[in-house]
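Quick look at coords_1.txt (compact mmCIF, C-alpha atoms):
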```txt
# COMPACT_ATOMS: atom_id res chain seq x y z
CA ALA W 1402 0.00 0.00 0.00
CA SER W 1403 2.86 2.42 0.79
CA GLU W 1404 4.46 1.65 -2.58
CA MET W 1405 1.16 2.36 -4.33
CA GLU W 1406 0.78 5.67 -2.49
CA LYS W 1407 4.34 6.63 -3.36
CA ARG W 1408 3.81 5.69 -6.99
CA GLY W 1409 0.53 7.64 -7.08
CA ASP W 1410 2.25 10.74 -5.61
CA ASP W 1411 5.02 10.50 -8.22
CA GLU W 1412 2.47 10.21 -11.02
CA GLU W 1413 0.55 13.23 -9.76
CA ARG W 1414 3.69 15.37 -9.54
CA GLY W 1415 5.10 14.22 -12.89
CA PRO W 1416 7.86 11.90 -14.12
CA GLY W 1417 10.60 14.30 -13.02
CA SER W 1418 9.57 14.24 -9.36
CA VAL W 1419 11.80 11.20 -8.75
CA TYR W 1420 14.87 13.31 -9.52
CA GLN W 1421 13.68 16.45 -7.75
CA MET W 1422 15.19 15.13 -4.52
CA PHE W 1423 18.67 15.06 -6.08
CA VAL W 1424 18.33 18.66 -7.28
CA LEU W 1425 17.25 19.71 -3.78
CA MET W 1426 20.23 17.85 -2.31
CA GLU W 1427 22.68 19.70 -4.59
CA ASP W 1428 21.21 23.06 -3.57
CA LEU W 1429 21.35 22.02 0.09
CA LEU W 1430 25.05 21.11 -0.18
CA ASP W 1431 25.83 24.48 -1.75
CA LYS W 1432 24.01 26.33 1.06
CA LEU W 1433 25.77 24.28 3.75
CA LYS W 1434 29.12 25.03 2.16
CA VAL W 1435 28.28 28.73 2.27
CA LEU W 1436 27.79 28.35 6.05
CA ASP W 1437 31.12 26.42 6.25
CA TYR W 1438 29.60 23.27 7.70
CA GLU W 1439 32.76 21.24 6.96
CA GLN W 1440 34.66 23.06 9.68
CA HIS W 1441 31.88 23.61 12.21
CA VAL W 1442 30.16 20.21 11.94
CA LEU W 1443 32.16 17.59 10.05
CA ASP W 1444 35.57 18.27 11.60
CA LYS W 1445 34.15 18.94 15.06
CA HIS W 1446 32.08 15.74 15.28
CA ASN W 1447 34.31 13.61 13.02
CA ILE W 1448 31.55 12.59 10.60
CA LYS W 1449 31.47 12.04 6.86
CA PRO W 1450 30.15 14.69 4.45
CA LEU W 1451 26.62 14.48 3.11
CA SER W 1452 26.00 12.16 0.15
CA SER W 1453 23.12 11.41 -2.21
CA PRO W 1454 19.78 10.96 -0.48
CA HIS W 1455 19.32 7.35 -1.60
CA VAL W 1456 22.65 6.06 -0.18
CA LEU W 1457 22.04 4.23 3.11
CA SER W 1458 25.21 2.53 4.29
CA ASN W 1459 24.24 2.88 7.95
CA PRO W 1460 20.82 4.34 8.91
CA GLY W 1461 21.93 5.07 12.47
CA GLU W 1462 24.92 7.05 11.28
CA GLN W 1463 22.75 8.90 8.75
CA PHE W 1464 20.22 9.87 11.45
CA TYR W 1465 22.98 11.02 13.82
CA MET W 1466 24.41 13.19 11.03
CA PHE W 1467 20.96 14.64 10.30
CA SER W 1468 20.31 15.43 13.99
CA VAL W 1469 23.74 17.06 14.49
CA ILE W 1470 23.39 19.26 11.37
CA SER W 1471 19.83 20.21 12.36
CA ALA W 1472 20.93 21.18 15.88
CA TRP W 1473 23.77 23.30 14.45
CA LEU W 1474 21.41 25.08 12.03
CA ILE W 1475 18.85 25.75 14.80
CA SER W 1476 21.59 27.26 16.98
CA LEU W 1477 22.61 29.46 14.04
CA CYS W 1478 19.04 30.77 13.93
CA GLY W 1479 19.51 32.11 17.47
CA ARG W 1480 17.53 29.45 19.34
CA PRO W 1481 19.25 27.37 22.08
CA PHE W 1482 19.35 23.68 21.16
CA ASP W 1483 21.52 20.99 22.71
CA THR W 1484 23.52 18.81 20.35
CA PRO W 1485 21.95 15.31 20.43
CA GLN W 1486 24.06 12.32 21.24
CA GLU W 1487 24.36 9.16 19.16
CA TYR W 1488 22.39 6.99 21.61
CA ASP W 1489 19.54 9.43 22.36
CA ASP W 1490 15.92 8.53 21.74
CA PRO W 1491 15.22 9.22 18.02
CA ASN W 1492 11.53 9.98 18.66
CA ALA W 1493 12.36 12.72 21.16
CA THR W 1494 15.09 14.13 18.90
CA VAL W 1495 12.76 14.25 15.87
CA SER W 1496 9.94 15.87 17.86
CA ASN W 1497 12.31 18.54 19.22
CA ILE W 1498 13.65 19.33 15.73
CA LEU W 1499 10.15 19.59 14.24
CA SER W 1500 8.93 21.78 17.10
CA GLU W 1501 11.87 24.16 16.58
CA LEU W 1502 11.15 24.21 12.83
CA ARG W 1503 7.50 25.10 13.50
CA ALA W 1504 8.62 27.81 15.92
CA LEU W 1505 10.84 29.28 13.18
CA GLY W 1506 7.87 29.45 10.81
CA GLY W 1507 8.39 26.25 8.80
CA GLN W 1508 5.52 24.06 7.64
CA VAL W 1509 5.48 20.35 8.51
CA ASP W 1510 2.77 18.23 6.85
CA PHE W 1511 4.26 14.75 7.21
CA PRO W 1512 4.57 12.29 10.12
CA PRO W 1513 7.76 12.40 12.25
CA SER W 1514 8.50 8.75 11.43
CA LYS W 1515 9.63 9.85 7.94
CA LEU W 1516 12.78 11.34 9.50
CA LYS W 1517 13.94 8.28 11.48
CA SER W 1518 15.84 6.83 8.50
CA GLY W 1519 18.04 9.94 8.30
CA SER W 1520 17.69 10.16 4.50
CA GLY W 1521 15.11 10.78 1.83
CA GLU W 1522 12.96 13.59 0.56
CA HIS W 1523 11.57 14.70 3.94
CA VAL W 1524 15.03 14.87 5.52
CA CYS W 1525 16.23 17.04 2.62
CA TYR W 1526 13.15 19.23 3.03
CA VAL W 1527 13.73 19.78 6.77
CA LEU W 1528 17.43 20.54 6.28
CA ASP W 1529 16.64 22.91 3.40
CA GLN W 1530 14.10 24.79 5.52
CA LEU W 1531 16.56 25.08 8.43
CA VAL W 1532 19.46 26.21 6.23
CA GLU W 1533 17.23 28.84 4.63
CA LYS W 1534 16.31 30.16 8.10
CA ALA W 1535 20.02 30.13 9.09
CA LEU W 1536 21.06 32.06 5.95
CA LYS W 1537 18.27 34.56 6.58
CA SER W 1538 19.37 35.07 10.18
CA LYS W 1539 22.98 35.55 9.01
CA GLY W 1540 21.83 38.16 6.48
CA PHE W 1541 23.17 36.24 3.48
CA THR W 1542 21.78 37.03 0.04
CA TRP W 1543 22.42 35.34 -3.30
CA ASN W 1544 23.98 37.51 -6.01
CA ARG W 1545 23.42 37.05 -9.71
CA PRO W 1546 26.09 34.91 -11.42
CA MET W 1547 28.50 36.61 -13.84
CA TYR W 1548 29.06 34.50 -16.96
CA PRO W 1549 32.01 35.17 -19.32
CA SER W 1550 30.78 36.06 -22.77
CA VAL W 1551 33.41 34.03 -24.70
CA GLU W 1552 32.80 30.79 -22.89
CA VAL W 1553 29.04 31.06 -23.36
CA GLU W 1554 29.49 31.51 -27.11
CA ASP W 1555 31.78 28.46 -27.30
CA GLU W 1556 29.28 26.34 -25.40
CA CYS W 1557 26.47 27.50 -27.64
CA VAL W 1558 28.50 26.61 -30.73
CA GLN W 1559 29.29 23.16 -29.32
CA GLU W 1560 25.63 22.53 -28.54
CA ASP W 1561 24.62 23.64 -32.01
CA ASP W 1562 27.23 21.33 -33.53
CA ALA W 1563 26.19 18.41 -31.34
CA GLU W 1564 22.52 18.54 -32.26
CA LEU W 1565 21.52 19.37 -35.82
CA THR W 1566 18.11 20.34 -36.83
CA LEU W 1567 16.35 19.15 -39.95
CA SER W 1568 16.48 22.57 -41.57
CA LYS W 1569 20.29 22.73 -41.27
CA VAL W 1570 20.71 19.27 -42.78
CA GLU W 1571 18.49 20.20 -45.72
CA GLU W 1572 20.47 23.40 -46.31
CA GLU W 1573 23.77 21.50 -46.30
CA MET W 1574 22.37 18.88 -48.66
CA THR W 1575 21.14 21.55 -51.09
CA GLN W 1576 24.53 23.28 -50.95
CA GLU W 1577 26.34 20.01 -51.67
CA ASP W 1578 24.00 19.31 -54.61
CA GLU W 1579 24.68 22.75 -56.05
CA GLU W 1580 28.43 22.30 -55.67
CA TYR W 1581 28.23 18.88 -57.27
CA GLU W 1582 26.26 20.27 -60.17
CA GLU W 1583 28.73 23.12 -60.64
CA GLU W 1584 31.72 20.74 -60.57
CA ASP W 1585 30.28 18.26 -63.07
CA GLY W 1586 28.67 20.94 -65.20
CA LEU W 1587 25.41 19.08 -65.71
CA ASP W 1588 22.39 20.75 -67.22
CA LEU W 1589 19.36 19.54 -65.32
CA ASP W 1590 16.88 21.05 -67.72
CA ALA W 1591 18.50 19.33 -70.72
CA LEU W 1592 18.66 16.08 -68.81
CA LYS W 1593 14.98 16.37 -67.93
CA THR W 1594 13.97 16.98 -71.59
CA ARG W 1595 16.06 14.03 -72.69
CA THR W 1596 14.48 11.70 -70.17
CA ASN W 1597 11.02 12.85 -71.19
CA GLN W 1598 11.83 12.29 -74.86
CA SER W 1599 13.25 8.86 -74.14
CA GLU W 1600 10.16 7.89 -72.17
CA LEU W 1601 7.91 9.07 -74.96
CA SER W 1602 9.91 7.23 -77.61
CA GLY W 1603 10.09 4.15 -75.42
CA SER W 1604 13.82 3.78 -75.99
CA ARG W 1605 16.02 2.58 -73.18
CA PRO W 1606 19.80 2.86 -72.76
CA ALA W 1607 21.56 -0.10 -74.24
CA VAL W 1608 24.50 0.01 -71.87
CA VAL W 1609 24.23 -0.19 -68.07
CA LEU W 1610 25.83 2.79 -66.35
CA GLU W 1611 28.82 1.91 -64.21
CA SER W 1612 30.63 4.11 -61.68
CA ASP W 1613 34.31 4.79 -62.16
CA VAL W 1614 34.84 6.01 -58.53
CA ASP W 1615 37.19 4.03 -56.34
CA ALA W 1616 35.45 2.07 -53.58
CA ALA W 1617 38.01 3.09 -50.91
CA GLU W 1618 37.54 6.78 -51.70
CA TRP W 1619 33.79 6.26 -51.62
CA ASN W 1620 34.00 4.66 -48.16
CA LEU W 1621 36.23 7.47 -46.90
CA GLU W 1622 33.74 10.01 -48.19
CA VAL W 1623 30.89 8.12 -46.51
CA GLU W 1624 32.77 8.04 -43.20
CA ARG W 1625 33.48 11.76 -43.50
CA VAL W 1626 29.89 12.72 -44.21
CA LEU W 1627 28.23 10.17 -41.88
CA PRO W 1628 28.51 12.21 -38.61
CA GLN W 1629 26.80 15.16 -40.29
CA LEU W 1630 23.92 12.98 -41.47
CA LYS W 1631 22.93 12.00 -37.94
CA VAL W 1632 19.85 13.94 -36.94
CA THR W 1633 18.61 14.17 -33.34
CA ILE W 1634 15.02 15.27 -32.94
CA ARG W 1635 14.23 16.78 -29.57
CA THR W 1636 11.14 15.39 -27.93
CA ASP W 1637 8.70 17.94 -26.68
CA ASN W 1638 7.28 17.04 -23.28
CA LYS W 1639 4.18 19.11 -24.09
CA ASP W 1640 3.21 16.84 -26.97
CA TRP W 1641 -0.15 15.18 -26.37
CA ARG W 1642 1.09 11.89 -27.83
CA ILE W 1643 3.76 11.58 -25.15
CA HIS W 1644 1.19 12.41 -22.48
CA LEU W 1645 -1.15 9.80 -23.92
CA ASP W 1646 1.57 7.14 -23.90
CA GLN W 1647 2.40 8.04 -20.32
CA MET W 1648 -1.26 7.81 -19.36
CA HIS W 1649 -1.52 4.34 -20.91
CA GLN W 1650 1.65 3.21 -19.12
CA HIS W 1651 0.44 4.56 -15.79
CA GLN W 1652 -2.97 2.97 -16.31
CA GLU W 1653 -1.40 -0.43 -16.98
CA GLY W 1654 0.80 -0.04 -13.88
CA ILE W 1655 -2.20 0.95 -11.77
CA ASN W 1656 -4.25 -1.98 -13.04
CA THR W 1657 -1.49 -4.51 -12.32
CA SER W 1658 -0.79 -3.00 -8.89
CA LEU W 1659 -4.51 -2.82 -8.13
CA GLN W 1660 -5.01 -6.51 -8.87
CA ASP W 1661 -2.16 -7.48 -6.57
CA ALA W 1662 -3.33 -5.08 -3.91
CA LYS W 1663 -6.94 -6.32 -4.10
CA GLY W 1664 -5.90 -9.86 -3.34
CA CYS W 1665 -3.74 -8.73 -0.45
CA LEU W 1666 -6.46 -6.45 0.91
CA PHE W 1667 -9.15 -9.15 0.70
CA LYS W 1668 -6.87 -11.58 2.48
CA LEU W 1669 -6.05 -8.97 5.09
CA ARG W 1670 -9.75 -8.24 5.60
CA GLU W 1671 -10.50 -11.91 6.14
CA ASP W 1672 -7.65 -12.25 8.61
CA ILE W 1673 -8.78 -9.18 10.51
CA SER W 1674 -12.40 -10.37 10.64
CA LYS W 1675 -11.32 -13.78 11.94
CA THR W 1676 -9.08 -12.17 14.52
CA LEU W 1677 -11.89 -9.89 15.68
CA GLU W 1678 -14.23 -12.85 16.06
CA LYS W 1679 -11.62 -14.69 18.09
CA VAL W 1680 -11.03 -11.64 20.27
CA SER W 1681 -14.77 -11.14 20.89
CA SER W 1682 -15.32 -14.82 21.76
CA ARG W 1683 -12.30 -14.79 24.04
CA GLU W 1684 -13.56 -11.64 25.70
CA LYS W 1685 -16.96 -13.22 26.37
CA TYR W 1686 -15.28 -16.31 27.83
CA LEU W 1687 -13.07 -14.21 30.07
CA ASN W 1688 -16.07 -12.19 31.25
CA THR W 1689 -17.96 -15.34 32.21
CA GLN W 1690 -14.95 -16.88 33.94
CA LEU W 1691 -13.94 -13.74 35.81
CA GLU W 1692 -17.38 -12.54 36.85
CA HIS W 1693 -17.03 -13.58 40.50
CA LEU W 1694 -13.58 -12.00 40.64
CA ILE W 1695 -15.02 -8.79 39.21
CA SER W 1696 -17.73 -8.78 41.91
CA GLU W 1697 -15.10 -9.33 44.60
CA TYR W 1698 -13.04 -6.55 43.12
CA ARG W 1699 -16.02 -4.21 43.20
CA GLN W 1700 -16.68 -5.06 46.86
CA ALA W 1701 -13.04 -4.49 47.70
CA GLN W 1702 -13.17 -1.22 45.82
CA ALA W 1703 -16.23 -0.13 47.81
CA GLN W 1704 -14.52 -1.05 51.10
CA LEU W 1705 -11.44 0.83 49.99
CA ASN W 1706 -13.53 3.91 49.31
CA LYS W 1707 -15.06 3.68 52.81
CA VAL W 1708 -11.64 3.32 54.38
CA LYS W 1709 -10.43 6.30 52.39
CA GLU W 1710 -13.34 8.39 53.65
CA LEU W 1711 -12.61 7.38 57.26
CA TYR W 1712 -8.96 8.14 56.73
CA GLN W 1713 -9.81 11.58 55.35
CA GLN W 1714 -12.04 12.31 58.35
CA ALA W 1715 -9.35 11.12 60.76
CA SER W 1716 -6.69 13.09 58.97
CA GLY W 1717 -8.93 16.19 59.22
CA GLY W 1718 -9.23 15.71 63.01
CA VAL W 1719 -5.50 15.16 63.30
CA THR W 1720 -4.76 18.36 61.42
CA GLU W 1721 -7.14 20.32 63.69
CA ARG W 1722 -5.53 18.85 66.80
CA THR W 1723 -2.04 19.56 65.50
CA ARG W 1724 -3.06 23.19 64.95
CA ILE W 1725 -4.38 23.42 68.52
CA LEU W 1726 -1.22 21.76 69.83
CA ALA W 1727 0.88 24.30 67.97
CA GLU W 1728 -1.08 27.17 69.56
CA ILE W 1729 -0.75 25.64 73.05
CA SER W 1730 2.96 25.09 72.55
CA GLU W 1731 3.37 28.75 71.54
CA GLU W 1732 1.54 29.89 74.69
CA LEU W 1733 3.66 27.53 76.79
CA GLU W 1734 6.81 28.98 75.31
CA LYS W 1735 5.62 32.48 76.18
CA VAL W 1736 4.86 31.45 79.80
CA LYS W 1737 8.23 29.77 80.12
CA GLN W 1738 9.94 32.89 78.83
CA GLU W 1739 8.07 35.08 81.34
CA MET W 1740 8.93 32.70 84.19
CA GLU W 1741 12.57 32.72 83.23
CA GLU W 1742 12.58 36.52 83.18
CA LYS W 1743 10.94 36.67 86.64
CA GLY W 1744 13.26 34.04 88.08
CA SER W 1745 16.30 35.86 86.79
CA SER W 1746 15.02 39.11 88.28
CA MET W 1747 14.35 37.43 91.70
CA SER W 1748 17.71 35.78 91.95
CA ASP W 1749 19.51 38.95 91.00
CA GLY W 1750 20.81 41.02 94.08
CA ALA W 1751 21.14 44.31 92.28
CA PRO W 1752 17.55 45.45 93.01
CA VAL W 1753 18.02 44.80 96.75
CA VAL W 1754 21.15 46.92 96.76
CA LYS W 1755 19.29 49.67 95.00
CA ILE W 1756 16.45 49.46 97.53
CA ARG W 1757 18.88 49.78 100.44
CA GLN W 1758 20.59 52.73 98.87
CA SER W 1759 17.26 54.40 98.30
CA LEU W 1760 16.26 53.72 101.94
CA THR W 1761 19.42 55.34 103.25
CA LYS W 1762 18.78 58.32 101.01
CA LEU W 1763 15.23 58.55 102.35
CA LYS W 1764 16.47 58.47 105.96
CA GLN W 1765 18.94 61.25 105.28
CA GLU W 1766 16.29 63.32 103.58
CA ILE W 1767 13.87 62.70 106.50
CA GLU W 1768 16.47 63.89 108.99
CA GLN W 1769 17.11 67.00 106.96
CA MET W 1770 13.39 67.63 106.73
CA ASP W 1771 13.04 67.20 110.51
CA VAL W 1772 15.75 69.77 111.09
CA ARG W 1773 14.11 72.17 108.69
CA MET W 1774 10.74 71.61 110.30
CA GLY W 1775 12.20 72.33 113.74
CA VAL W 1776 13.75 75.54 112.49
CA VAL W 1777 10.48 76.56 110.89
CA GLU W 1778 8.54 75.76 114.12
CA HIS W 1779 10.99 77.81 116.16
CA THR W 1780 10.66 80.78 113.84
CA LEU W 1781 6.87 80.47 113.96
CA LEU W 1782 6.95 80.32 117.75
CA GLN W 1783 9.10 83.44 117.94
CA ALA W 1784 6.75 85.19 115.52
CA LYS W 1785 3.73 84.25 117.64
CA LEU W 1786 5.46 85.41 120.80
CA ARG W 1787 6.28 88.73 119.22
CA GLU W 1788 2.73 89.19 118.09
CA LYS W 1789 1.47 88.28 121.54
CA ASN W 1790 3.84 90.82 123.17
CA ASN W 1791 2.76 93.47 120.76
CA MET W 1792 -0.90 92.76 121.49
CA THR W 1793 -0.39 92.93 125.22
CA ARG W 1794 1.55 96.17 124.84
CA ASP W 1795 -1.24 97.65 122.79
CA MET W 1796 -3.82 96.55 125.29
CA HIS W 1797 -1.90 98.19 128.20
CA ALA W 1798 -1.59 101.33 126.18
CA THR W 1799 -5.32 101.53 125.57
CA HIS W 1800 -6.12 100.98 129.23
CA LEU W 1801 -3.87 103.82 130.24
CA LEU W 1802 -5.45 106.25 127.79
CA GLU W 1803 -9.07 105.65 128.86
CA PRO W 1804 -8.93 107.22 132.45
CA ASN W 1805 -7.07 110.22 131.11
CA THR W 1806 -9.82 110.94 128.67
CA GLN W 1807 -12.43 110.63 131.42
CA THR W 1808 -10.74 113.29 133.50
CA TYR W 1809 -11.13 115.86 130.82
```
Spit out the file's structure as structure tokens when you get a sec.
Amino acid sequence: ASEMEKRGDDEERGPGSVYQMFVLMEDLLDKLKVLDYEQHVLDKHNIKPLSSPHVLSNPGEQFYMFSVISAWLISLCGRPFDTPQEYDDPNATVSNILSELRALGGQVDFPPSKLKSGSGEHVCYVLDQLVEKALKSKGFTWNRPMYPSVEVEDECVQEDDAELTLSKVEEEMTQEDEEYEEEDGLDLDALKTRTNQSELSGSRPAVVLESDVDAAEWNLEVERVLPQLKVTIRTDNKDWRIHLDQMHQHQEGINTSLQDAKGCLFKLREDISKTLEKVSSREKYLNTQLEHLISEYRQAQAQLNKVKELYQQASGGVTERTRILAEISEELEKVKQEMEEKGSSMSDGAPVVKIRQSLTKLKQEIEQMDVRMGVVEHTLLQAKLREKNNMTRDMHATHLLEPNTQTY
């Protein structure tokens, strides 16, 4: 079936599609040489240069070469990509390369398994897409080729000499006939009238004409002129006859391939139907035999679900209790810290010393205050005594003045 699909794709794309891969490979080699892949890839990893896409001496070596060149081209595009090793998984390597190609804007419309062989049309396509992206990122542009004028003319002359057209051959033949007529000096008109007269009279030549030319010279002349008499007619691919012949050939190939494929497909269908019947019968047998085990499994599954629910409930209670325990432990730590601070303050003698010193200072201040209070009391007592003396003096003075006033 894969050969039929491949043949059908080739027929749709034309007869030259088989060789398109080789043209793409030549262009790819030129682009890789522009990027100097011999020095950066071949010499660094000690691998052979790229060859034709159909050569497969060692598929593993071909795939390793493809993966190394792809990794180098992806890194040239400015994307980080590790160089794959020879014993890495090919599926992972191919998927990474295709993902990087899609990220760079490339189109991938084929399965990744096409790249596992390390050669073929799809490998050339992926490498060509990557090398185009690398050249674009490097800013490389192709210039128009400069052809020498003299060499082109020589090649054109050689091609014209190699392939003669029918018109050129006819011109040369007419020129040779004219030269021959001039050399021999024959009069064609007179010869024509003579032949007509001889035919009318019914007379025939009595003597058979014989050539007096040497056979060796004749052969030499034939060998000299023979290469110029070869005419090559170029076939036009647009001719409908060629297309019709190709259609008939392709139809015959399709018919023969279809007959072979029909037999194989019918046989495959029968095998698949038989296998499906066997699988279904075996499945029914297994279901009948394992029904009690399935019921036990369901019961065990139900019990397991119950146990899981209980475990979840218990784990919820445990988490709540652990949270409470953490809070209690924090409070306990605080109480311990306060007790340590109080114990350290009680065992320390510095506060007692301070209290004693303050007591002595209070006693001294009390004594001073007592002295000051005594002095103040003494001064108050003196002031009171003075006032009392003054009052008594005033009272005596008033008593003395009253009888004097009465006498007057």
Using all atoms listed in the file, which residue out of W:Leu1516, W:Leu1630, W:Leu1536, W:Val1776 lies closest to W:Leu1499?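 Of all the options, W:Leu1516 lies closest to W:Leu1499.
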When distances are computed from only C-alpha atoms, which of W:Gln1421, W:Gln1463, W:Asn1656, W:Asn1620 shows the smallest separation from W:Pro1491?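 Checking each of W:Gln1421, W:Gln1463, W:Asn1656, W:Asn1620 against W:Pro1491, counting only C-alpha atoms, the winner is W:Gln1463.
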Have a look at atom CA of W:Gly1521 and atom CA of W:Leu1429 and let me know their distance in Å, one decimal. 13.0 Å
So that I can see what lies close to stretch 1478-1487 of chain W, please list as a PyMOL selection string the residues with an atom at most 6 Å from it, counting all atoms listed in the file and leaving out residues fewer than 3 positions away in the same chain. chain W and resi 1465+1472+1475+1535+1538
Tell me which protein, DNA and RNA residues are within 10 Å of stretch 1432-1444 of chain W, counting all atoms listed in the file, leaving out same-chain ones fewer than 3 positions away, and put them as a PyMOL selection string. chain W and resi 1426-1429+1447-1451+1466+1469-1470+1473-1474+1477+1528-1529+1532-1533+1535-1536+1539+1541
